[in-house]
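**Q** I'd like to ask some things about the structure below.
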Amino acid sequence: MVNVFSSNRYFLRYFLSRFVSRIGDGIHSLVLLWISYKWSHSGLVVALVMVSFSLPAVLVFPFAGSLADRKNRARIMVATDIIQSACTFALAFLAYYHKLNLFYLMFFTSIMSVASAYFMPASMSIIPQIVKKENITQANGIVQTTSSFSIVLGPIIGAGLIASIGVPLAFLSNSFSFLLSAFFLWGIKLKKMETTAVKLSFFETIKDGFRTIKSQPIASKLLDKTAVINFFFAAITIVIPIFAGKIYHMDSKGIAAMMASYGFGMFSSSIILSSIKIKAHPRDVIVFSIFLVGLMFVIFGEIHYFYITLLSLFFIGFFLNAANVHLLSLYQTRLPANLLGRIMSFLSAISMSLSPLSYALTGVFIDLVGLRWVLLLSGVFIGINAVRIGFIKELKEA
């Protein structure tokens with residue numbers, strides 16, 4: 001771990017930025033889920049709030065990736081952190097004066113969604129510019145450790161803030177975390193990178209994205225599988241607050257415990273990945289991990305015992321993180337660096353394009369048929385697509 005930090009001093013600043021920002025994200029996610037469920041006790045309203053965070057991002061992802069390949073990625077991250085800080089400050093202000101309603105919540109969440117869409121490809125593609133190639137997998141493991149540990153702390157801190165000082169200061173805390181993240185990122189100097197990206201119109205950007213993906217077999221073969229997995233995995237975001245409220249009759253602390261258990265699973269997985277080198281083939285790790293995520297979804301839906309639920313969420317986070325770290329490292333080491341921003345953003349856009357639909361349908365079906373069937377079907381389809389990934393020839397050769 002020391003070697004990764006010593007290879008470039010800027011990685012430490014990037015590391016600290018992600019740490020504080022992810023704590024703020026955890027607080028913000030809990031507050032969003034809690035107040036939207038508290039207002040309505042409806043899966044559909046929770047889904048609408050989540051759609052407002054996902055749909056705008058999907059629409060701008062192709063542009064975001066091209067920008068990340070043309071401009072300074074650190075500066076993009078600073079600018080988007082400042083925008084998100086301003087939005088969360090506005091939410092805090094409105095909540096403090098009792099003016100916050102569903103419209104304002106969705107409006108500012110939509111702006112944050114666009115900013116996040118520009119932040120994500122820059123963040124995901126910046127690591128090869130600040131660490132040596134041989135340290136990329138370890139660096140990703142360290143970053144995931146930071147993110148997952150922050151995900152554990154965020155909901156716990158958020159629940160404490162809601163209980164002790166209320167929603168306004170919980171939003172304000174997240175606003176401060178974005179500013180602190182921008183401070184750490186300010187002035188990071190990146191290795192020079194050859195770029196082939198040019199500014200394009202919307203439809204030209206879409207065509208360029210498909211051409212770029214098609215030119216890289218690993219990315220193109222994974223595209224439909226990861227899209228289906230993300231579609232069914234997205235259900236968990238809507239399920240957690242409904243499960244805490246309707247099944248266990250708990251308040252924000254119940255949601256926080258479930259979110260923290262999921263985050264602790266990610267954290268535990270990241271610790272292992274950043275400490276030891278996994279000798280198994282990346283394809284096998286990815287397939288095995290995603291299949292077990294699907295299995296945990298089924299257990300989550302079938303066994304309504306709180307500690308079993310927490311354990312299921314722990315393993316969902318654990319195995320999802322293992323798959324993500326190996327998949328991200330595979331992309332970063334096997335795809336051309338000058339195309340990485342566009343490829344990562346376009347893959348994210350395609351994979352996430354179904355998330356708004358997933359949120360909406362999950363909210364509707366939870367109200368119609370219940371949590372059990374939503375989780376059961378999600379787990380089955382996640383498992384099936386894990387097996388499909390195992391048959392990709394290019395992954396065997398990676």
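Lettering and numbering for the structure tokens are positional, with chains as A, B, ... in the shown order, residues counted from 1 in each chain, and ligands counted from 1 in the shown order.
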Env of range 77-83 of chain A: 8 Å cut, atoms = only C-alpha atoms, seq-sep filter 6 positions within chain, self excluded. Answer as a PyMOL selection string.

**A** chain A and resi 112+115-116+118-119+122-123+178-179+181-183+185-186

**Q** How far is it from CA of Leu16 in chain A to CA of Ala117 in chain A, in Å with one decimal?

**A** 20.5 Å

**Q** So which residues touch range 296-312 of chain A within 9 Å, counting only C-alpha atoms, skipping near sequence neighbours fewer than 4 positions away, as a PyMOL selection string?

**A** chain A and resi 233+236+247-248+257-262+265+291-292+316-317+371-380+382

**Q** Could those selected residues go to a file with C-alpha atoms, as a tab-separated table (two decimals), in the first residue's frame?

**A**
```
chain	number	residue	atom	x	y	z
A	233	PHE	CA	-29.42	-4.71	-8.90
A	236	ILE	CA	-31.97	-2.76	-3.78
A	247	ILE	CA	-41.07	-5.44	7.46
A	248	TYR	CA	-39.14	-4.35	10.55
A	257	ALA	CA	-28.06	-0.28	9.75
A	258	MET	CA	-28.97	-1.96	6.47
A	259	MET	CA	-26.98	0.52	4.36
A	260	ALA	CA	-24.01	0.26	6.74
A	261	SER	CA	-24.07	-3.55	6.58
A	262	TYR	CA	-23.91	-3.35	2.78
A	265	GLY	CA	-19.29	-5.83	3.14
A	291	PHE	CA	-23.48	-15.12	-9.07
A	292	LEU	CA	-23.25	-14.95	-5.27
A	316	ILE	CA	-24.02	-8.43	-1.43
A	317	GLY	CA	-21.61	-5.56	-0.78
A	371	LEU	CA	-40.85	-7.22	-1.73
A	372	ARG	CA	-40.35	-10.99	-1.91
A	373	TRP	CA	-41.05	-11.38	-5.62
A	374	VAL	CA	-39.05	-8.30	-6.58
A	375	LEU	CA	-35.96	-9.64	-4.80
A	376	LEU	CA	-36.45	-13.21	-6.03
A	377	LEU	CA	-36.68	-12.23	-9.70
A	378	SER	CA	-33.77	-9.79	-9.36
A	379	GLY	CA	-31.55	-12.47	-7.84
A	380	VAL	CA	-32.38	-15.02	-10.54
A	382	ILE	CA	-28.38	-11.43	-11.80
```

**Q** Could you please determine the separation between CA of Ser29 in chain A and CA of Leu327 in chain A in Å, to one decimal place?

**A**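 Atom-to-atom, CA of Ser29 in chain A to CA of Leu327 in chain A, that is 24.9 Å.
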
**Q** Using only C-alpha atoms, find the one residue out of A:Ser269, A:Thr237, A:Ser220, A:Asn72 that sits nearest to Leu32 in chain A.

**A** A:Thr237

**Q** Need the shell around Glu394 in chain A: protein/DNA/RNA residues with any atom at most 12 Å away, counting only C-alpha atoms. Skip same-chain ones fewer than 6 positions apart. Format as a PyMOL selection string?

**A** chain A and resi 216-222+282-283+330+334

**Q** Any idea what's packed within 12 Å of Val228 in chain A, counting only C-alpha atoms, ignoring anything in its chain fewer than 5 positions away? Could you give it as a list in words?

**A**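 My reading of the contact set: Leu222, Leu223, Phe233, Ala234, Ala235, Ile350, Ser351, Met352, Ser353, Leu354, Ser355, Leu357, Ser358, Ser378, Gly379, Val380, Phe381, Ile382, Gly383, Ile384, Asn385, Ala386, Arg388 and Ile389 of chain A.
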
**Q** Quote the spacing between CA of Ala57 in chain A and CA of Val114 in chain A in Å to one decimal place.

**A**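 Computing the Euclidean distance for CA of Ala57 in chain A and CA of Val114 in chain A yields 4.8 Å.
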
**Q** Can you tell me, as a VMD selection string, what residues are no more than 12 Å from Phe318 in chain A when counting only C-alpha atoms, ignoring any on the same chain fewer than 4 positions away?

**A** chain A and resid 144 to 145 148 to 149 261 to 273 288 to 290 292 to 293 296 311 to 314 322 to 325

**Q** Neighbouring residues of Lys38 in chain A were defined as those with any atom within 12 Å, considering only C-alpha atoms; residues of the same chain fewer than 6 positions away were excluded. Please report them as a ChimeraX atom specification.

**A** /A:30-32,45-46,102,241-242,244-246,250-252,255

**Q** Residues as selected, N, CA and C atoms, written as a PDB file, in the first residue's frame, can you do that?

**A**
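See out37.pdb below for the written result:
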```
ATOM      1  N   LEU A  30     -28.815   8.414   2.738  1.00  0.00           N
ATOM      2  CA  LEU A  30     -29.715   8.071   3.836  1.00  0.00           C
ATOM      3  C   LEU A  30     -30.803   9.125   3.996  1.00  0.00           C
ATOM      4  N   VAL A  31     -30.408  10.398   3.956  1.00  0.00           N
ATOM      5  CA  VAL A  31     -31.389  11.470   4.143  1.00  0.00           C
ATOM      6  C   VAL A  31     -32.432  11.440   3.023  1.00  0.00           C
ATOM      7  N   LEU A  32     -31.981  11.253   1.776  1.00  0.00           N
ATOM      8  CA  LEU A  32     -32.915  11.193   0.646  1.00  0.00           C
ATOM      9  C   LEU A  32     -33.919  10.060   0.821  1.00  0.00           C
ATOM     10  N   VAL A  45     -42.918   6.760  -4.608  1.00  0.00           N
ATOM     11  CA  VAL A  45     -42.340   8.080  -4.341  1.00  0.00           C
ATOM     12  C   VAL A  45     -40.832   7.969  -4.124  1.00  0.00           C
ATOM     13  N   VAL A  46     -40.400   6.952  -3.389  1.00  0.00           N
ATOM     14  CA  VAL A  46     -38.961   6.709  -3.229  1.00  0.00           C
ATOM     15  C   VAL A  46     -38.322   6.512  -4.597  1.00  0.00           C
ATOM     16  N   LEU A 102     -41.185  17.844  -2.402  1.00  0.00           N
ATOM     17  CA  LEU A 102     -40.748  16.841  -3.384  1.00  0.00           C
ATOM     18  C   LEU A 102     -40.183  17.491  -4.636  1.00  0.00           C
ATOM     19  N   PRO A 241     -35.267   1.060   2.165  1.00  0.00           N
ATOM     20  CA  PRO A 241     -36.136   1.831   3.068  1.00  0.00           C
ATOM     21  C   PRO A 241     -37.509   1.194   3.270  1.00  0.00           C
ATOM     22  N   ILE A 242     -38.041   0.538   2.209  1.00  0.00           N
ATOM     23  CA  ILE A 242     -39.338  -0.122   2.334  1.00  0.00           C
ATOM     24  C   ILE A 242     -39.228  -1.302   3.285  1.00  0.00           C
ATOM     25  N   ALA A 244     -37.049  -1.709   5.725  1.00  0.00           N
ATOM     26  CA  ALA A 244     -36.873  -1.218   7.092  1.00  0.00           C
ATOM     27  C   ALA A 244     -38.190  -0.753   7.686  1.00  0.00           C
ATOM     28  N   GLY A 245     -39.017  -0.096   6.872  1.00  0.00           N
ATOM     29  CA  GLY A 245     -40.273   0.443   7.374  1.00  0.00           C
ATOM     30  C   GLY A 245     -41.387  -0.576   7.494  1.00  0.00           C
ATOM     31  N   LYS A 246     -41.631  -1.327   6.407  1.00  0.00           N
ATOM     32  CA  LYS A 246     -42.798  -2.221   6.370  1.00  0.00           C
ATOM     33  C   LYS A 246     -42.550  -3.566   7.036  1.00  0.00           C
ATOM     34  N   MET A 250     -38.946   0.021  11.430  1.00  0.00           N
ATOM     35  CA  MET A 250     -37.847   0.814  11.963  1.00  0.00           C
ATOM     36  C   MET A 250     -37.807   2.184  11.303  1.00  0.00           C
ATOM     37  N   ASP A 251     -37.173   3.143  11.976  1.00  0.00           N
ATOM     38  CA  ASP A 251     -37.033   4.485  11.432  1.00  0.00           C
ATOM     39  C   ASP A 251     -35.708   4.603  10.680  1.00  0.00           C
ATOM     40  N   SER A 252     -35.125   5.813  10.664  1.00  0.00           N
ATOM     41  CA  SER A 252     -33.879   6.035   9.920  1.00  0.00           C
ATOM     42  C   SER A 252     -32.732   5.155  10.409  1.00  0.00           C
ATOM     43  N   ILE A 255     -32.794   1.897   8.438  1.00  0.00           N
ATOM     44  CA  ILE A 255     -32.240   2.099   7.090  1.00  0.00           C
ATOM     45  C   ILE A 255     -30.723   2.221   7.170  1.00  0.00           C
TER      46      ILE A 255
END
```
